[in-house]
Amino acid sequence: MKDELLTLLQTTVSTSFSVGASAGFVLIFVLFLLAGRDPRAIRSGFYMEVDQRIRHYINIKVALSFLTGVLVWASLSIIGLEMAMVFGLFAFLLNFIPTVGSLVATCLPIPLAFAQFEDRWGMIAAVILIPGGFQMLIGNVIEPKLMGEGLDLHPVTVLLALSFWGLIWGIPGMVLAVPITAVLRILFLHFDTVRPLAMLMAGELPQPPAQRP
């Protein structure tokens with residue numbers, strides 16, 4: 001049993017480092033891209049709307065991801081789990097992947113929890129429930145309030161975007177799926193022919209044209 005847990009733990013850690021490295025690379029690229037922006041170059045129109053919404057999304061996402069990472073690290077440290085700081089870092093990076101990232105970050109410490117605590121089920125449950133509770137609170141309560149109008153993407157649209165861009169570009173595609181899809185939606189809103197598709201991406205059914213009497 002211990003050999004199987006150690007093998008599972010090694011596989012989990014290896015996969016986690018690969019995922020974390022990809023997400024970290026994309027995050028660094030995006031931050032440098034934003035840092036090089038000239039705020040005086042964009043004054044109005046489509047580009048201003050894209051710039052404002054994407055920057056708003058990234059700023060809040062970075063802040064909340066950092067908060068998530070700190071809370072996960074602190075809670076796992078209090079519980080006494082080894083490598084708590086590493087799992088906190090993964091929680092920070094994976095939080096940039098909507099929906100899926102938080103679930104993966106919650107599951108990552110489970111093999112180590114079984115290997116370290118063995119049959120102490122209360123400790124194992126704490127490793128899962130406490131960080132998972134923090135991520136649910138931030139992702140489902142705090143983030144929607146801070147995002148406000150946000151990017152106006154329906155959850156189903158987000159999941160489809162994650163699947164599509166993840167299939168094309170892997171982990172970097174999943175990290176960038178929401179901003180890319182949001183830009184496409186804003187672009188579609190500026191053209192009458194594809195405006196119904198933009199409304200559908202926000203979860204709004206296009207209204208049929210009014211019939212004349």
# chains A, B, ... in the order shown; residues from 1 in each chain; ligands from 1

call {"tool": "residues_around", "arguments": {"residues": "stretch 138-145 of chain A", "least_positions_apart": "4", "cutoff": "9 Å", "atoms": "only C-alpha atoms", "output": "PyMOL selection string"}}
result
chain A and resi 60-61+64-65+67-68+95+98-99+102+133-134+149-150

call {"tool": "residues_around", "arguments": {"residues": "A:Ala105", "least_positions_apart": "4", "cutoff": "12 Å", "atoms": "only C-alpha atoms", "output": "number ranges by chain"}}
result
A: 12-13, 15-17, 19-20, 65, 68-69, 72-73, 84, 86-101, 109-110, 127-129, 131-136

call {"tool": "write_last_selection", "arguments": {"atoms": "N, CA and C atoms", "output": "compact mmCIF listing (two decimals), in the first residue's frame"}}
result
# COMPACT_ATOMS: atom_id res chain seq x y z
N THR A 12 2.04 12.52 -9.01
CA THR A 12 1.31 13.76 -8.75
C THR A 12 2.25 14.96 -8.71
N VAL A 13 3.36 14.80 -8.01
CA VAL A 13 4.33 15.90 -7.89
C VAL A 13 4.92 16.24 -9.25
N THR A 15 3.60 15.71 -12.28
CA THR A 15 2.58 16.36 -13.09
C THR A 15 2.31 17.78 -12.62
N SER A 16 2.30 17.96 -11.31
CA SER A 16 2.02 19.27 -10.74
C SER A 16 3.09 20.28 -11.13
N PHE A 17 4.34 19.86 -11.08
CA PHE A 17 5.42 20.78 -11.46
C PHE A 17 5.32 21.14 -12.94
N VAL A 19 2.50 21.24 -14.76
CA VAL A 19 1.37 22.16 -14.89
C VAL A 19 1.71 23.53 -14.33
N GLY A 20 2.34 23.55 -13.15
CA GLY A 20 2.70 24.81 -12.52
C GLY A 20 3.68 25.61 -13.34
N SER A 65 -5.90 35.10 -6.61
CA SER A 65 -5.06 33.90 -6.68
C SER A 65 -3.98 33.94 -5.61
N THR A 68 -5.66 33.15 -2.38
CA THR A 68 -5.93 31.71 -2.33
C THR A 68 -4.67 30.92 -1.97
N GLY A 69 -3.56 31.27 -2.62
CA GLY A 69 -2.31 30.57 -2.34
C GLY A 69 -1.87 30.72 -0.90
N VAL A 72 -4.24 28.64 1.40
CA VAL A 72 -3.96 27.21 1.28
C VAL A 72 -2.66 26.86 2.00
N TRP A 73 -1.63 27.65 1.78
CA TRP A 73 -0.35 27.41 2.46
C TRP A 73 -0.49 27.49 3.98
N ALA A 84 3.70 22.21 2.38
CA ALA A 84 2.53 23.11 2.37
C ALA A 84 2.77 24.32 1.47
N VAL A 86 4.62 24.48 -1.20
CA VAL A 86 4.54 24.07 -2.60
C VAL A 86 3.08 23.98 -3.06
N PHE A 87 2.22 23.40 -2.22
CA PHE A 87 0.81 23.29 -2.58
C PHE A 87 0.14 24.67 -2.60
N GLY A 88 0.60 25.59 -1.76
CA GLY A 88 0.10 26.95 -1.82
C GLY A 88 0.47 27.63 -3.13
N LEU A 89 1.71 27.37 -3.60
CA LEU A 89 2.15 27.93 -4.89
C LEU A 89 1.31 27.36 -6.03
N PHE A 90 1.05 26.05 -5.98
CA PHE A 90 0.21 25.44 -7.02
C PHE A 90 -1.21 26.01 -6.98
N ALA A 91 -1.73 26.25 -5.78
CA ALA A 91 -3.07 26.84 -5.67
C ALA A 91 -3.10 28.22 -6.31
N PHE A 92 -2.03 29.00 -6.12
CA PHE A 92 -1.94 30.33 -6.73
C PHE A 92 -1.93 30.22 -8.25
N LEU A 93 -1.11 29.33 -8.80
CA LEU A 93 -0.97 29.22 -10.24
C LEU A 93 -2.22 28.61 -10.88
N LEU A 94 -2.75 27.55 -10.27
CA LEU A 94 -3.90 26.86 -10.86
C LEU A 94 -5.18 27.66 -10.76
N ASN A 95 -5.23 28.64 -9.87
CA ASN A 95 -6.43 29.46 -9.74
C ASN A 95 -6.69 30.29 -10.99
N PHE A 96 -5.68 30.42 -11.87
CA PHE A 96 -5.87 31.15 -13.12
C PHE A 96 -6.64 30.32 -14.14
N ILE A 97 -6.81 29.02 -13.87
CA ILE A 97 -7.63 28.17 -14.73
C ILE A 97 -9.01 28.08 -14.10
N PRO A 98 -10.03 28.72 -14.67
CA PRO A 98 -11.35 28.74 -14.04
C PRO A 98 -11.92 27.34 -13.83
N THR A 99 -12.61 27.16 -12.72
CA THR A 99 -13.35 25.94 -12.38
C THR A 99 -12.43 24.74 -12.18
N VAL A 100 -11.71 24.34 -13.23
CA VAL A 100 -10.89 23.14 -13.17
C VAL A 100 -9.69 23.32 -12.26
N GLY A 101 -9.08 24.50 -12.29
CA GLY A 101 -7.85 24.73 -11.53
C GLY A 101 -8.04 24.56 -10.04
N PRO A 109 -2.91 17.65 -2.76
CA PRO A 109 -2.27 17.18 -1.52
C PRO A 109 -2.77 15.83 -1.02
N ILE A 110 -3.81 15.26 -1.65
CA ILE A 110 -4.42 14.05 -1.11
C ILE A 110 -3.45 12.87 -1.01
N VAL A 127 -7.22 18.24 5.33
CA VAL A 127 -6.38 18.62 4.18
C VAL A 127 -7.24 18.90 2.95
N ILE A 128 -8.34 18.17 2.83
CA ILE A 128 -9.21 18.35 1.66
C ILE A 128 -10.22 19.47 1.87
N LEU A 129 -10.88 19.48 3.02
CA LEU A 129 -12.03 20.35 3.23
C LEU A 129 -11.66 21.80 3.51
N PRO A 131 -8.71 23.76 2.78
CA PRO A 131 -8.30 24.51 1.58
C PRO A 131 -9.40 24.56 0.52
N GLY A 132 -10.15 23.44 0.37
CA GLY A 132 -11.24 23.44 -0.60
C GLY A 132 -12.32 24.44 -0.25
N GLY A 133 -12.59 24.59 1.06
CA GLY A 133 -13.57 25.59 1.50
C GLY A 133 -13.13 27.00 1.18
N PHE A 134 -11.84 27.30 1.39
CA PHE A 134 -11.31 28.62 1.06
C PHE A 134 -11.46 28.89 -0.44
N GLN A 135 -11.15 27.89 -1.26
CA GLN A 135 -11.22 28.10 -2.70
C GLN A 135 -12.66 28.27 -3.17
N MET A 136 -13.59 27.54 -2.56
CA MET A 136 -15.00 27.72 -2.92
C MET A 136 -15.50 29.10 -2.50

call {"tool": "atom_distance", "arguments": {"atom1": "atom CA of A:Thr181", "atom2": "atom CA of A:Trp165"}}
result
9.3 Å

call {"tool": "atom_distance", "arguments": {"atom1": "atom CA of A:Thr106", "atom2": "atom CA of A:Ala202"}}
result
28.2 Å

call {"tool": "atom_distance", "arguments": {"atom1": "atom CA of A:Ser77", "atom2": "atom CA of A:Ile124"}}
result
13.4 Å

call {"tool": "select_by_dssp", "arguments": {"residues": "stretch 13-200 of chain A", "states": "helix (DSSP H, G or I)", "output": "number ranges by chain"}}
result
A: 13-35, 45-79, 84-94, 100-107, 110-117, 121-147, 155-169, 171-189, 195-200

call {"tool": "closest_residue", "arguments": {"among": "A:Ile79, A:Met123, A:Leu153, A:Leu137", "to": "A:Leu200", "atoms": "only C-alpha atoms"}}
result
A:Leu153

call {"tool": "residues_around", "arguments": {"residues": "A:Ser163", "least_positions_apart": "5", "cutoff": "10 Å", "atoms": "only C-alpha atoms", "output": "tab-separated table (two decimals) with all heavy atoms, in the first residue's frame"}}
result
chain	number	residue	atom	x	y	z
A	157	THR	N	-20.11	28.68	-21.42
A	157	THR	CA	-19.15	29.23	-22.39
A	157	THR	C	-17.73	29.08	-21.90
A	157	THR	O	-16.82	28.74	-22.67
A	157	THR	CB	-19.47	30.71	-22.66
A	157	THR	OG1	-20.81	30.86	-23.10
A	157	THR	CG2	-18.53	31.28	-23.71
A	158	VAL	N	-17.52	29.33	-20.60
A	158	VAL	CA	-16.18	29.20	-20.02
A	158	VAL	C	-15.69	27.76	-20.11
A	158	VAL	O	-14.54	27.50	-20.49
A	158	VAL	CB	-16.18	29.68	-18.55
A	158	VAL	CG1	-14.84	29.37	-17.89
A	158	VAL	CG2	-16.48	31.17	-18.48
A	168	ILE	N	-6.11	22.88	-27.98
A	168	ILE	CA	-5.18	23.45	-28.96
A	168	ILE	C	-3.81	23.74	-28.36
A	168	ILE	O	-2.77	23.37	-28.93
A	168	ILE	CB	-5.78	24.75	-29.55
A	168	ILE	CG1	-7.04	24.42	-30.36
A	168	ILE	CG2	-4.76	25.47	-30.43
A	168	ILE	CD1	-7.72	25.63	-30.95
A	170	GLY	N	-2.98	23.28	-24.77
A	170	GLY	CA	-2.68	22.64	-23.49
A	170	GLY	C	-2.93	23.57	-22.31
A	170	GLY	O	-3.86	24.37	-22.33
A	173	GLY	N	-3.22	27.29	-23.00
A	173	GLY	CA	-4.52	27.59	-23.60
A	173	GLY	C	-5.62	27.68	-22.57
A	173	GLY	O	-6.51	28.53	-22.67
A	174	MET	N	-5.58	26.83	-21.53
A	174	MET	CA	-6.60	26.87	-20.48
A	174	MET	C	-6.46	28.14	-19.65
A	174	MET	O	-7.46	28.71	-19.19
A	174	MET	CB	-6.48	25.64	-19.60
A	174	MET	CG	-6.76	24.33	-20.33
A	174	MET	SD	-6.60	22.88	-19.29
A	174	MET	CE	-8.10	23.01	-18.31
A	177	ALA	N	-7.79	30.95	-21.87
A	177	ALA	CA	-9.09	30.69	-22.51
A	177	ALA	C	-10.10	31.80	-22.25
A	177	ALA	O	-10.78	32.26	-23.17
A	177	ALA	CB	-9.64	29.35	-22.04

call {"tool": "residues_around", "arguments": {"residues": "A:Glu204", "least_positions_apart": "4", "cutoff": "12 Å", "atoms": "only C-alpha atoms", "output": "JSON, numbers by chain"}}
result
{"A": [152, 153, 154, 157, 195, 196, 197, 198, 199, 200]}

call {"tool": "write_last_selection", "arguments": {"atoms": "N, CA, C and O atoms", "output": "PDB file, in the first residue's frame"}}
result
ATOM      1  N   ASP A 152     -18.714  39.003 -18.813  1.00  0.00           N
ATOM      2  CA  ASP A 152     -20.022  38.610 -19.349  1.00  0.00           C
ATOM      3  C   ASP A 152     -19.960  37.295 -20.121  1.00  0.00           C
ATOM      4  O   ASP A 152     -20.471  37.200 -21.241  1.00  0.00           O
ATOM      5  N   LEU A 153     -19.365  36.287 -19.525  1.00  0.00           N
ATOM      6  CA  LEU A 153     -19.306  34.973 -20.136  1.00  0.00           C
ATOM      7  C   LEU A 153     -20.101  33.986 -19.274  1.00  0.00           C
ATOM      8  O   LEU A 153     -19.893  33.912 -18.067  1.00  0.00           O
ATOM      9  N   HIS A 154     -20.982  33.247 -19.901  1.00  0.00           N
ATOM     10  CA  HIS A 154     -21.747  32.235 -19.187  1.00  0.00           C
ATOM     11  C   HIS A 154     -20.830  31.092 -18.753  1.00  0.00           C
ATOM     12  O   HIS A 154     -19.848  30.785 -19.455  1.00  0.00           O
ATOM     13  N   THR A 157     -20.106  28.681 -21.419  1.00  0.00           N
ATOM     14  CA  THR A 157     -19.153  29.228 -22.394  1.00  0.00           C
ATOM     15  C   THR A 157     -17.733  29.078 -21.895  1.00  0.00           C
ATOM     16  O   THR A 157     -16.823  28.736 -22.667  1.00  0.00           O
ATOM     17  N   ARG A 195     -23.665  39.395 -33.654  1.00  0.00           N
ATOM     18  CA  ARG A 195     -24.074  39.862 -32.326  1.00  0.00           C
ATOM     19  C   ARG A 195     -24.927  38.830 -31.578  1.00  0.00           C
ATOM     20  O   ARG A 195     -24.780  38.678 -30.358  1.00  0.00           O
ATOM     21  N   PRO A 196     -25.834  38.096 -32.256  1.00  0.00           N
ATOM     22  CA  PRO A 196     -26.573  37.045 -31.520  1.00  0.00           C
ATOM     23  C   PRO A 196     -25.656  36.006 -30.883  1.00  0.00           C
ATOM     24  O   PRO A 196     -25.948  35.503 -29.794  1.00  0.00           O
ATOM     25  N   LEU A 197     -24.538  35.685 -31.538  1.00  0.00           N
ATOM     26  CA  LEU A 197     -23.591  34.739 -30.962  1.00  0.00           C
ATOM     27  C   LEU A 197     -22.946  35.314 -29.705  1.00  0.00           C
ATOM     28  O   LEU A 197     -22.744  34.597 -28.708  1.00  0.00           O
ATOM     29  N   ALA A 198     -22.637  36.617 -29.736  1.00  0.00           N
ATOM     30  CA  ALA A 198     -22.064  37.268 -28.550  1.00  0.00           C
ATOM     31  C   ALA A 198     -23.053  37.240 -27.386  1.00  0.00           C
ATOM     32  O   ALA A 198     -22.662  37.017 -26.233  1.00  0.00           O
ATOM     33  N   MET A 199     -24.329  37.457 -27.673  1.00  0.00           N
ATOM     34  CA  MET A 199     -25.344  37.394 -26.623  1.00  0.00           C
ATOM     35  C   MET A 199     -25.474  35.973 -26.067  1.00  0.00           C
ATOM     36  O   MET A 199     -25.642  35.771 -24.875  1.00  0.00           O
ATOM     37  N   LEU A 200     -25.370  34.990 -26.967  1.00  0.00           N
ATOM     38  CA  LEU A 200     -25.455  33.597 -26.540  1.00  0.00           C
ATOM     39  C   LEU A 200     -24.270  33.228 -25.651  1.00  0.00           C
ATOM     40  O   LEU A 200     -24.421  32.458 -24.689  1.00  0.00           O
TER      41      LEU A 200
END
